[in-house]
Structures are given as structure tokens and as C-alpha cells.
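Everything below belongs to run-v4.cif, which stores mmCIF, C-alpha atoms and all ligand atoms.
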```
data_query
loop_
_atom_site.label_atom_id
_atom_site.label_comp_id
_atom_site.auth_asym_id
_atom_site.auth_seq_id
_atom_site.Cartn_x
_atom_site.Cartn_y
_atom_site.Cartn_z
CA MET A 1 -45.47 2.65 -5.38
CA SER A 2 -47.22 0.70 -2.70
CA LEU A 3 -46.72 1.32 0.95
CA PHE A 4 -45.03 -2.04 1.12
CA ASP A 5 -42.38 -0.96 -1.40
CA PHE A 6 -41.82 2.22 0.49
CA PHE A 7 -40.79 0.35 3.60
CA ARG A 8 -38.70 -2.13 1.70
CA ARG A 9 -36.69 0.44 -0.22
CA LYS A 10 -33.13 0.35 1.01
CA GLU A 11 -30.56 3.10 1.27
CA PRO A 12 -27.37 2.21 -0.63
CA SER A 13 -24.98 0.60 1.87
CA ALA A 14 -22.07 2.59 3.25
CA ALA A 15 -19.71 0.24 1.42
CA ALA A 16 -21.44 0.91 -1.91
CA THR A 17 -21.08 4.66 -1.38
CA ALA A 18 -17.41 4.21 -0.53
CA LYS A 19 -16.85 2.22 -3.70
CA ASP A 20 -18.55 4.81 -5.92
CA ARG A 21 -16.61 7.69 -4.41
CA LEU A 22 -13.33 5.83 -4.76
CA GLN A 23 -13.95 5.01 -8.39
CA ILE A 24 -14.61 8.65 -9.23
CA VAL A 25 -11.67 10.14 -7.36
CA LEU A 26 -9.24 7.51 -8.65
CA ALA A 27 -10.32 8.02 -12.25
CA HIS A 28 -9.28 11.66 -11.92
CA GLU A 29 -6.06 10.98 -10.07
CA ARG A 30 -4.99 8.34 -12.57
CA ALA A 31 -5.67 10.68 -15.49
CA ASP A 32 -3.49 13.36 -13.88
CA ARG A 33 -0.76 10.85 -13.16
CA ASN A 34 -0.71 9.64 -16.75
CA ALA A 35 -0.76 13.11 -18.26
CA PRO A 36 1.91 13.43 -20.97
CA ASP A 37 4.87 15.49 -19.80
CA PHE A 38 4.65 18.06 -22.58
CA LEU A 39 1.56 19.59 -20.95
CA PRO A 40 3.35 21.98 -18.54
CA GLN A 41 5.55 23.31 -21.37
CA LEU A 42 2.55 23.71 -23.68
CA GLN A 43 0.75 25.62 -20.96
CA LYS A 44 3.74 27.94 -20.50
CA GLU A 45 4.05 28.71 -24.21
CA LEU A 46 0.32 29.29 -24.65
CA LEU A 47 0.41 31.70 -21.76
CA ALA A 48 3.31 33.60 -23.33
CA VAL A 49 1.44 33.95 -26.64
CA ILE A 50 -1.79 35.11 -25.01
CA LYS A 51 0.11 37.60 -22.86
CA LYS A 52 1.30 39.33 -26.03
CA TYR A 53 -2.28 40.40 -26.67
CA VAL A 54 -4.07 40.42 -23.33
CA PRO A 55 -2.69 41.08 -19.87
CA ILE A 56 -3.52 37.99 -17.82
CA ASP A 57 -2.23 36.28 -14.70
CA ASP A 58 -0.07 33.17 -14.93
CA ASP A 59 -2.71 30.95 -13.35
CA LYS A 60 -5.47 31.85 -15.78
CA VAL A 61 -4.52 29.34 -18.46
CA ALA A 62 -5.32 25.68 -17.78
CA VAL A 63 -4.51 22.85 -20.13
CA LYS A 64 -5.96 19.38 -19.71
CA LEU A 65 -5.88 16.22 -21.75
CA GLU A 66 -8.90 13.92 -21.54
CA ARG A 67 -8.40 10.47 -22.90
CA GLU A 68 -11.28 8.30 -23.84
CA SER A 69 -11.26 5.08 -25.75
CA GLY A 70 -10.64 6.03 -29.36
CA CYS A 71 -9.86 9.72 -29.04
CA SER A 72 -8.16 12.30 -26.88
CA MET A 73 -9.39 15.80 -26.26
CA LEU A 74 -7.13 18.71 -25.44
CA GLU A 75 -9.01 21.20 -23.32
CA VAL A 76 -7.61 24.72 -23.04
CA ASN A 77 -9.26 27.11 -20.62
CA VAL A 78 -8.34 30.79 -20.72
CA GLU A 79 -9.88 33.13 -18.24
CA LEU A 80 -9.68 36.73 -19.46
CA PRO A 81 -9.83 39.72 -17.12
CA ALA A 82 -13.23 41.33 -16.67
CA PRO A 83 -13.92 44.19 -19.10
CA GLN A 84 -12.89 47.64 -17.87
CA LYS A 85 -15.49 49.77 -16.10
CA GLY A 86 -17.26 52.08 -18.53
CA ALA A 87 -16.47 49.87 -21.51
CA ALA A 88 -19.18 49.77 -24.12
CA ARG A 89 -20.66 46.38 -23.26
CA THR A 90 -20.69 46.69 -19.51
CA PRO A 91 -24.32 46.77 -18.55
CA ALA A 92 -25.19 49.85 -16.56
CA THR A 93 -26.02 49.00 -13.02
CA VAL A 94 -27.23 51.14 -10.09
CA MET B 1 18.09 -16.20 -7.94
CA ALA B 2 17.49 -14.02 -4.88
CA LYS B 3 14.37 -11.87 -4.95
CA ILE B 4 13.68 -8.52 -3.35
CA ILE B 5 10.12 -8.05 -2.09
CA THR B 6 8.82 -4.75 -0.73
CA MET B 7 5.89 -4.51 1.69
CA THR B 8 4.36 -1.09 1.06
CA SER B 9 1.06 0.79 1.35
CA GLY B 10 1.26 4.56 1.11
CA LYS B 11 -0.99 4.97 4.12
CA GLY B 12 0.44 4.46 7.60
CA GLY B 13 -0.68 1.97 10.19
CA VAL B 14 -2.35 -0.50 7.84
CA GLY B 15 -0.20 -3.48 8.81
CA LYS B 16 3.06 -3.38 6.82
CA THR B 17 5.30 -4.28 9.74
CA THR B 18 2.90 -6.95 11.01
CA SER B 19 2.76 -8.38 7.50
CA SER B 20 6.53 -8.18 6.92
CA ALA B 21 7.15 -10.14 10.12
CA ALA B 22 4.42 -12.69 9.39
CA PHE B 23 5.14 -13.15 5.68
CA GLY B 24 8.91 -13.26 6.15
CA THR B 25 8.54 -15.87 8.89
CA GLY B 26 6.25 -17.83 6.58
CA LEU B 27 8.85 -17.85 3.81
CA ALA B 28 11.48 -19.09 6.27
CA LEU B 29 9.10 -21.78 7.60
CA ARG B 30 8.75 -22.96 4.03
CA GLY B 31 12.51 -23.44 3.93
CA PHE B 32 13.72 -20.29 2.19
CA LYS B 33 16.57 -18.30 3.64
CA THR B 34 14.93 -14.97 4.33
CA CYS B 35 16.06 -11.57 5.57
CA ILE B 36 13.56 -8.92 6.68
CA ILE B 37 14.91 -5.36 6.55
CA ASP B 38 13.40 -2.46 8.46
CA PHE B 39 13.40 0.61 6.17
CA ASP B 40 11.49 2.79 8.62
CA VAL B 41 14.50 4.83 9.75
CA GLY B 42 13.95 6.65 13.02
CA LEU B 43 10.84 4.63 13.90
CA ARG B 44 12.35 1.18 14.34
CA ASN B 45 9.58 -1.30 15.13
CA LEU B 46 10.25 -4.52 13.26
CA ASP B 47 12.63 -5.60 16.05
CA LEU B 48 9.82 -5.35 18.62
CA ILE B 49 7.30 -7.23 16.50
CA MET B 50 9.92 -9.94 15.87
CA GLY B 51 10.91 -9.99 19.54
CA CYS B 52 14.60 -9.28 19.01
CA GLU B 53 14.76 -5.71 20.31
CA ARG B 54 17.29 -6.56 23.01
CA ARG B 55 19.68 -8.15 20.57
CA VAL B 56 20.16 -5.08 18.37
CA VAL B 57 23.78 -3.92 18.48
CA PHE B 58 24.43 -2.56 15.02
CA ASP B 59 21.87 -1.50 12.45
CA PHE B 60 21.26 -1.00 8.74
CA ILE B 61 22.70 2.56 8.83
CA ASN B 62 25.87 1.42 10.59
CA VAL B 63 26.45 -0.99 7.72
CA VAL B 64 25.69 1.65 5.08
CA ASN B 65 28.23 3.95 6.74
CA GLY B 66 30.85 1.24 7.01
CA GLU B 67 30.77 1.29 10.84
CA ALA B 68 29.85 -2.39 11.01
CA ARG B 69 29.92 -5.42 8.80
CA LEU B 70 26.67 -6.87 7.53
CA ASN B 71 27.18 -10.04 9.55
CA GLN B 72 27.47 -8.01 12.74
CA ALA B 73 24.14 -6.29 12.13
CA LEU B 74 22.10 -9.29 11.00
CA ILE B 75 20.08 -10.90 13.80
CA LYS B 76 19.32 -14.60 13.48
CA ASP B 77 15.87 -15.58 14.69
CA LYS B 78 15.96 -18.04 17.61
CA ARG B 79 12.73 -19.83 16.72
CA VAL B 80 12.81 -20.26 12.98
CA GLU B 81 15.67 -21.67 10.96
CA ASN B 82 16.72 -19.54 7.95
CA LEU B 83 15.22 -16.31 9.29
CA PHE B 84 17.22 -13.10 9.79
CA ILE B 85 16.35 -9.52 10.67
CA LEU B 86 18.24 -6.38 9.72
CA PRO B 87 17.06 -3.66 12.11
CA THR B 88 17.16 0.02 11.35
CA SER B 89 18.40 2.95 13.38
CA GLN B 90 16.23 4.58 15.98
CA THR B 91 18.25 7.74 16.27
CA ARG B 92 19.27 8.85 12.81
CA ASP B 93 17.06 10.85 10.52
CA LYS B 94 15.45 9.65 7.32
CA ASP B 95 18.24 11.04 5.15
CA ALA B 96 20.77 8.67 6.66
CA LEU B 97 20.05 6.16 3.89
CA THR B 98 21.50 6.68 0.44
CA MET B 99 20.46 4.89 -2.71
CA ALA B 100 24.04 3.77 -3.33
CA GLY B 101 24.39 2.49 0.23
CA VAL B 102 21.14 0.55 0.02
CA GLU B 103 22.10 -0.97 -3.30
CA LYS B 104 25.44 -2.17 -1.96
CA ILE B 105 23.83 -3.94 1.01
CA LEU B 106 21.08 -5.49 -1.10
CA GLU B 107 23.65 -6.84 -3.54
CA GLU B 108 25.56 -8.38 -0.66
CA LEU B 109 22.40 -9.91 0.83
CA LYS B 110 21.39 -11.34 -2.53
CA LYS B 111 24.43 -13.61 -2.45
CA GLU B 112 23.32 -15.17 0.85
CA PHE B 113 19.53 -15.16 0.83
CA ASP B 114 16.62 -16.47 -1.23
CA TYR B 115 14.28 -13.64 -0.26
CA ILE B 116 14.95 -10.13 0.99
CA LEU B 117 11.80 -8.55 2.37
CA CYS B 118 11.76 -4.76 2.82
CA ASP B 119 9.39 -3.29 5.40
CA SER B 120 8.62 0.16 3.97
CA PRO B 121 7.84 3.28 5.96
CA ALA B 122 4.48 4.96 5.31
CA GLY B 123 4.14 7.71 2.73
CA ILE B 124 4.99 8.00 -0.94
CA GLU B 125 8.06 10.18 -0.54
CA LYS B 126 11.76 9.45 -0.27
CA GLY B 127 11.70 6.83 2.49
CA ALA B 128 9.04 4.73 0.78
CA GLN B 129 10.69 5.23 -2.61
CA MET B 130 14.00 4.00 -1.22
CA ALA B 131 12.31 0.85 0.11
CA LEU B 132 10.66 0.02 -3.22
CA TYR B 133 13.33 1.18 -5.69
CA PHE B 134 15.14 -2.15 -6.01
CA ALA B 135 12.05 -4.36 -5.65
CA ASP B 136 11.37 -7.32 -7.92
CA GLU B 137 7.94 -7.81 -6.39
CA ALA B 138 5.75 -5.56 -4.26
CA ILE B 139 3.06 -6.51 -1.77
CA ILE B 140 0.55 -3.71 -1.40
CA VAL B 141 -0.93 -3.82 2.09
CA THR B 142 -4.43 -2.39 1.99
CA ASN B 143 -7.27 -2.06 4.50
CA PRO B 144 -10.87 -2.13 3.22
CA GLU B 145 -11.29 1.57 3.81
CA VAL B 146 -11.36 4.56 1.42
CA SER B 147 -8.15 6.35 2.33
CA SER B 148 -6.11 3.16 2.38
CA VAL B 149 -7.39 2.10 -1.06
CA ARG B 150 -6.67 5.53 -2.50
CA ASP B 151 -3.13 5.56 -1.09
CA SER B 152 -2.53 2.05 -2.41
CA ASP B 153 -3.43 3.33 -5.86
CA ARG B 154 -0.94 6.16 -5.46
CA ILE B 155 1.88 3.90 -4.32
CA LEU B 156 1.15 1.68 -7.33
CA GLY B 157 1.70 4.76 -9.48
CA VAL B 158 5.07 5.32 -7.78
CA ILE B 159 6.08 1.69 -8.35
CA GLN B 160 5.14 1.95 -12.01
CA ALA B 161 7.08 5.19 -12.52
CA LYS B 162 9.95 5.36 -10.06
CA SER B 163 11.20 1.87 -9.33
CA ARG B 164 14.49 0.71 -10.80
CA ARG B 165 12.63 -1.71 -13.05
CA ALA B 166 10.47 1.11 -14.40
CA GLU B 167 13.35 3.52 -14.87
CA GLN B 168 15.50 0.99 -16.68
CA GLY B 169 12.66 -0.35 -18.81
CA LEU B 170 12.98 -3.86 -17.36
CA GLU B 171 10.12 -6.26 -16.76
CA PRO B 172 7.75 -4.38 -14.39
CA VAL B 173 7.67 -4.99 -10.63
CA LYS B 174 5.21 -7.80 -9.92
CA GLU B 175 2.36 -6.44 -7.79
CA HIS B 176 0.29 -8.31 -5.20
CA LEU B 177 -2.63 -7.12 -3.12
CA LEU B 178 -2.70 -8.12 0.54
CA LEU B 179 -6.00 -7.10 2.08
CA THR B 180 -5.60 -6.89 5.86
CA ARG B 181 -7.83 -6.18 8.86
CA TYR B 182 -10.76 -7.59 6.92
CA ASP B 183 -13.76 -7.59 9.24
CA LEU B 184 -16.23 -10.17 7.99
CA ASP B 185 -19.12 -9.05 10.14
CA ARG B 186 -18.84 -5.45 9.01
CA VAL B 187 -18.51 -6.49 5.38
CA GLU B 188 -21.61 -8.63 5.77
CA ARG B 189 -23.51 -5.66 7.17
CA GLY B 190 -22.48 -3.49 4.22
CA GLU B 191 -20.39 -1.22 6.41
CA MET B 192 -17.04 -2.13 4.93
CA LEU B 193 -15.74 -2.49 1.37
CA LYS B 194 -15.69 -6.12 0.38
CA VAL B 195 -12.75 -7.86 -1.21
CA GLU B 196 -14.42 -7.84 -4.65
CA ASP B 197 -14.82 -4.04 -4.47
CA VAL B 198 -11.18 -3.44 -3.62
CA LEU B 199 -10.05 -5.84 -6.33
CA GLU B 200 -12.21 -4.16 -8.93
CA ILE B 201 -10.81 -0.75 -8.02
CA LEU B 202 -7.11 -1.59 -7.70
CA ALA B 203 -7.08 -4.31 -10.37
CA ILE B 204 -4.01 -6.21 -9.18
CA PRO B 205 -3.87 -9.91 -8.23
CA LEU B 206 -4.92 -10.84 -4.70
CA ILE B 207 -2.32 -12.71 -2.69
CA GLY B 208 -4.26 -12.92 0.57
CA ILE B 209 -7.01 -11.72 2.86
CA ILE B 210 -5.99 -11.34 6.49
CA PRO B 211 -8.98 -11.15 8.81
CA GLU B 212 -9.17 -8.65 11.64
CA SER B 213 -7.95 -10.77 14.52
CA PRO B 214 -7.18 -10.25 18.20
CA ALA B 215 -4.30 -12.71 17.75
CA VAL B 216 -2.30 -9.97 15.96
CA LEU B 217 -2.18 -7.69 19.00
CA LYS B 218 -1.52 -10.65 21.29
CA ALA B 219 1.39 -11.81 19.15
CA SER B 220 2.86 -8.31 19.00
CA ASN B 221 2.73 -8.03 22.79
CA VAL B 222 5.09 -10.97 23.16
CA GLY B 223 7.24 -10.23 20.11
CA MET B 224 6.11 -13.17 18.04
CA PRO B 225 5.21 -13.02 14.35
CA VAL B 226 1.55 -14.06 14.15
CA THR B 227 2.40 -16.87 11.72
CA LEU B 228 3.82 -18.79 14.68
CA ASP B 229 0.35 -18.76 16.26
CA GLU B 230 -0.81 -21.64 14.13
CA LYS B 231 -4.30 -21.66 15.62
CA SER B 232 -5.05 -18.06 14.72
CA THR B 233 -6.99 -17.24 11.57
CA ALA B 234 -4.54 -14.41 10.81
CA GLY B 235 -1.57 -16.76 11.09
CA GLN B 236 -3.20 -19.29 8.77
CA ALA B 237 -4.13 -16.58 6.30
CA TYR B 238 -0.51 -15.38 6.16
CA MET B 239 0.70 -18.96 5.52
CA ASP B 240 -1.85 -19.23 2.70
CA ALA B 241 -0.55 -15.97 1.22
CA VAL B 242 3.01 -17.32 1.32
CA ALA B 243 1.89 -20.48 -0.46
CA ARG B 244 0.23 -18.41 -3.22
CA PHE B 245 3.35 -16.30 -3.49
CA LEU B 246 5.28 -19.52 -4.09
CA GLY B 247 2.91 -20.33 -6.93
CA GLU B 248 0.59 -22.80 -5.20
CA LYS B 249 -3.14 -22.72 -5.78
CA VAL B 250 -4.84 -22.13 -2.45
CA GLU B 251 -8.50 -21.23 -2.04
CA HIS B 252 -9.18 -17.98 -0.21
CA ARG B 253 -10.50 -18.69 3.26
CA PHE B 254 -11.96 -16.28 5.80
CA MET B 255 -14.22 -14.58 3.27
CA LYS B 256 -17.48 -15.57 4.89
CA PRO B 257 -18.27 -15.21 8.57
CA GLU B 258 -18.43 -18.41 10.57
CA LYS B 259 -21.98 -19.64 10.77
CA LYS B 260 -23.47 -18.26 13.91
CA GLY B 261 -25.73 -20.60 15.82
CA PHE B 262 -29.14 -19.65 17.12
CA PHE B 263 -27.77 -19.08 20.62
CA ASP B 264 -24.92 -16.90 19.40
CA ARG B 265 -27.39 -14.65 17.69
CA LEU B 266 -29.55 -14.50 20.76
CA LEU B 267 -26.58 -13.71 22.97
CA ARG B 268 -25.40 -10.99 20.63
CA ARG B 269 -28.77 -9.40 20.65
CA THR B 270 -28.95 -9.19 24.41
CA ALA B 271 -25.28 -8.41 24.97
N1 LIG C 301 -5.15 -8.44 10.92
C1 LIG C 301 -5.10 -7.59 11.96
N2 LIG C 301 -6.02 -7.68 12.97
C2 LIG C 301 -5.98 -6.82 14.01
N3 LIG C 301 -5.07 -5.85 14.16
C3 LIG C 301 -4.12 -5.70 13.20
C4 LIG C 301 -4.09 -6.56 12.06
N4 LIG C 301 -3.04 -6.17 11.29
C5 LIG C 301 -2.46 -5.13 11.92
N5 LIG C 301 -3.08 -4.83 13.08
C6 LIG C 301 -2.74 -3.77 14.03
O1 LIG C 301 -2.63 -2.55 13.34
C7 LIG C 301 -1.64 -1.72 13.92
C8 LIG C 301 -0.67 -1.22 12.86
O2 LIG C 301 0.07 -2.31 12.34
P1 LIG C 301 1.54 -2.14 11.77
O3 LIG C 301 2.44 -1.50 12.77
O4 LIG C 301 1.94 -3.46 11.24
O5 LIG C 301 1.26 -1.13 10.59
P2 LIG C 301 2.33 -0.38 9.66
O6 LIG C 301 1.69 -0.28 8.31
O7 LIG C 301 3.65 -1.05 9.72
O8 LIG C 301 2.41 1.04 10.35
P3 LIG C 301 3.46 2.24 9.97
O9 LIG C 301 2.94 2.87 8.72
O10 LIG C 301 3.40 3.14 11.16
O11 LIG C 301 4.81 1.60 9.77
C9 LIG C 301 -0.98 -2.54 15.01
O12 LIG C 301 -1.51 -2.16 16.26
C10 LIG C 301 -1.37 -3.97 14.68
O13 LIG C 301 -1.45 -4.75 15.84
MG MG C 302 5.62 -0.20 10.12
#
```
Structure rendered as C-alpha cells:
Amino acid sequence: MSLFDFFRRKEPSAAATAKDRLQIVLAHERADRNAPDFLPQLQKELLAVIKKYVPIDDDKVAVKLERESGCSMLEVNVELPAPQKGAARTPATV
Amino acid sequence: MAKIITMTSGKGGVGKTTSSAAFGTGLALRGFKTCIIDFDVGLRNLDLIMGCERRVVFDFINVVNGEARLNQALIKDKRVENLFILPTSQTRDKDALTMAGVEKILEELKKEFDYILCDSPAGIEKGAQMALYFADEAIIVTNPEVSSVRDSDRILGVIQAKSRRAEQGLEPVKEHLLLTRYDLDRVERGEMLKVEDVLEILAIPLIGIIPESPAVLKASNVGMPVTLDEKSTAGQAYMDAVARFLGEKVEHRFMKPEKKGFFDRLLRRTA
């Protein structure tokens, strides 16, 4: 890169930044808005099933549907409680 | 067939009332019998912008509650033939309107008018939903600014899910983008979203670009819709938008700044 290029290089304009940010945030908001209405019920039932085996809080199961051209992907995130202290696989600290 | 048009935006203060007054006046100037209704209960302002604040005796809510007849509440504009205003209440709260009451009045107005233009309150909640529920067409007032564009997208979602046309599976509400307070100099400098950007993001047809113009404030001071200021760029841009609404092909003006002469530039630099 020559010195000349260095001085010519332009920051993206404020308007360009605004446009990029808007496109990203709106893509998410539109996906949420168009989420099929069975999702909340599915989330509830999944939670009930998991609770039979593991004690977890109500907000630890998240269900999301990602739609791309051609296929949809159902994403289920379950956050389990941390293993109990003294359990076999807990690495010894201190 | 009478048509119901709603002027809406999600975000507040972007120019819905200014646009309702200007666009409604434009429709009347083009010979259509037009009624502009103020849906912003509690924050009545359309009367001031239209310059008829001292003629308000009964309002929209009085008619809904059966305390006055529609003809007693309608105010006929003194300057423009075919133009009427239905003011709202300044004192009642937002819950004073009911869906059934609104429907009854709109049905009655439809028998008399060509166009019924609803000036929506800001927001995406009940008040705004009431103003757009019966709409045949919606004009989305948007400023070239991130929060306004985002809120326009959200109100579009409401129109597509919660309007009468959506709920009853009828032909969808026809959507139009009205880009207002467009500042050519700032767009040119890359400081403000340009019309192409907003169009690409919202993806609805453009009905008009209203430039940022001192004529708007001046007109509001004297209670005159800016369309009646024929020399102003804003007034001309609103008339163009009306023509496009009526199906005419009109080139978009006011998209490029006026050519500045050498002396203008010099003056600006030293100013
Ligand atoms: N093209 C324009 N150029 C300059 N100023 C404008 C323009 N359009 C609107 N304004 C100004 O913006 C302000 C807000 O306008 P207006 O009251 O029409 O917005 P609104 O969307 O109806 O607000 P609210 O959400 O509170 O009902 C006013 O002061 C008005 O004069
Ligand atoms: Mg308003």
C-alpha cells in the first residue's frame, strides 16, 4: 500500500453503517415476528419432558426456528445445571 | 367506492399529522371529497395544523358516544372545497374509542366521502392499531434515520397481522412509503440514509419524498396545510405524492440538491 492510498482510504460513511446495522437487526426481528405459533407450546412440552429427568429452571430451554431458502432448522438449546460439588468429573481446584 | 387511508409510522414525531393535513388537502384540491380524522385521542393536534382549532365544538368521541351527530362534529375547511376535519377529544383518555364505535362512524363517513384519511397516534399499541384496523391503504411515514426505519418495519408487521383485511383474509392493505424530512445536503455528505437505502430495507413502493423544509414550520404556525404553500418544495412534493396515489406517473423530484454556484460555496465556507 502506497502512502497515497493510505490517505485516500475512506471510512465507511455514517449512512452506510446505519444501513448495515438496520439490515441485521431487522432480519432478526422479522424472523421472530414470522415464527410459527406452535413454538411456545413446543417449548413448554419439551421443558416438561426434560424436567422429568433433570431439575431445571423454566427459562433454560430455548427453541428457535431458523428459516433459510430451501430448509428450516429447529434449534433447541437446553442449559443443564452445573454438576454438583464433589461429583466425579468436577476438576479439583484450590 | 370510498377508501380508508391510514397515515402511520410507529415512531412519534416523524410527520404523520403534517402529512395527513397536507395529503388530505391535496386529495381535496384534486376534487375528491375528503375527511381527515384525528385518531390521537388526548393529544389533539390536527385541528391546530389545519387552523380550525377555534371551531371545534364536538369531537370524534362525542359522536362515538352518541352525544353528537356526525354532522355536528365535522368541520368544513374554509379554504378548500370538499375538505372536512373530524377532530378528536383533548380530555378523554385513549380507551374512549371502541372498535365498534369507530367502525360505525367510518361506515357512515364512507357514504358521504371519497377518501377518509386517519391520522394515527404514535406507537404500535392499541391507539395505532385502532387507526389502522379498517384501512384499505396505509401510508408509512418514515424519516431517513435508524429508529424511524425500524419502527416503520414493525408497524408494517402490525398491518400485515392485525388489520381487518389481514384478519379476514381479504386482499392485503396496500402499503406506501412516504419518506419525510429528507435532507439532501446531509444525504449528499453521507450522513443520512438515502432514499435507495430505505427502499431496499423496507421494500414497499415509494409514494413520495418530502424534503426537510422551513415552510413546514411556517405553515404550522399559521394553521395552514403546507400544500397550500404552492411555492414550497414540501408543498409541491406532497402534491406529487397525491398524484402518484391517484395512479399518475410523476418523476421523483427533490432527490438531488440544487446546484450550488461558486459564490454559494464560498459563502458557506466562510459563514
Ligand atoms: N418536511 C419537513 N420539514 C421540516 N420539518 C418537518 C417536516 N415534516 C414535519 N416536520 C416537523 O416535525 C415535527 C413533527 O411533525 P408532526 O407533528 O407532523 O409529527 P407526528 O408524526 O404527527 O407526531 P406525533 O407522533 O407526536 O403525532 C413538527 O414540528 C413539524 O413541523
Ligand atoms: Mg401527530
Quick one: residues within 8 Å of ligand LIG 301 (chain C), with all atoms listed in the file, as a PyMOL selection string?
chain B and resi 8-20+40+43+45+119-123+141+180-182+210-217+220+234
For range 26-31 of chain A, find every residue with an atom within 9 Å (counting all atoms listed in the file), except residues of its own chain fewer than 4 positions away, and show them as a list in words.
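Contacts, in chain order: Arg21, Leu22, Ala35, Leu65, Glu66 and Arg67 of chain A; Arg150, Asp153, Arg154, Gly157 and Ile201 of chain B.
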As lines of an AutoDock Vina configuration file: centre and edge lengths in Å, one decimal, of the axis-aligned box holding range 65-71 of chain B with 3 Å per side:
```
center_x = 28.8
center_y = -3.0
center_z = 8.9
size_x = 10.2
size_y = 20.0
size_z = 10.3
```
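For the pair CA of Asp183 in chain B and CA of Phe254 in chain B, the separation is 9.5 Å.
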Separation of CA of Pro225 in chain B and CA of Phe60 in chain B, in Å?
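Computing it gives 20.8 Å between the two atoms.
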So that I can check the surroundings of Glu79 in chain A, please list as a short mmCIF file (atom, residue, chain, number, x, y, z; two decimals) with C-alpha atoms, in the coordinates of the input every protein, DNA and RNA residue that reaches within 12 Å of it, counting all atoms listed in the file and ignoring chain neighbours fewer than 4 positions away.
```
data_model
loop_
_atom_site.label_atom_id
_atom_site.label_comp_id
_atom_site.auth_asym_id
_atom_site.auth_seq_id
_atom_site.Cartn_x
_atom_site.Cartn_y
_atom_site.Cartn_z
CA LEU A 47 0.41 31.70 -21.76
CA ILE A 50 -1.79 35.11 -25.01
CA LYS A 51 0.11 37.60 -22.86
CA VAL A 54 -4.07 40.42 -23.33
CA PRO A 55 -2.69 41.08 -19.87
CA ILE A 56 -3.52 37.99 -17.82
CA ASP A 57 -2.23 36.28 -14.70
CA ASP A 58 -0.07 33.17 -14.93
CA ASP A 59 -2.71 30.95 -13.35
CA LYS A 60 -5.47 31.85 -15.78
CA VAL A 61 -4.52 29.34 -18.46
CA ALA A 62 -5.32 25.68 -17.78
CA VAL A 63 -4.51 22.85 -20.13
CA PRO A 83 -13.92 44.19 -19.10
#
```
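The coordinates place CA of Gly127 in chain B at 24.8 Å from CA of Arg55 in chain B.
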Taking all atoms listed in the file into account, which residues of chain A are within 7 Å of chain B, as a ChimeraX atom specification?
/A:13-15,18-19,22-23,26
Nearest residue to Tyr133 in chain B from the set B:Ala68, B:Ile5, B:Ala241, B:Leu74 (distances using all atoms listed in the file)
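Of B:Ala68, B:Ile5, B:Ala241, B:Leu74, the one nearest Tyr133 in chain B, counting all atoms listed in the file, is B:Ile5.
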Skipping near chain neighbours, those fewer than 2 positions away, what residues fall within 10 Å of Met130 in chain B using only C-alpha atoms, listed as a PyMOL selection string?
chain B and resi 39+97-99+102-103+118+120-121+124-128+132-135+162-163
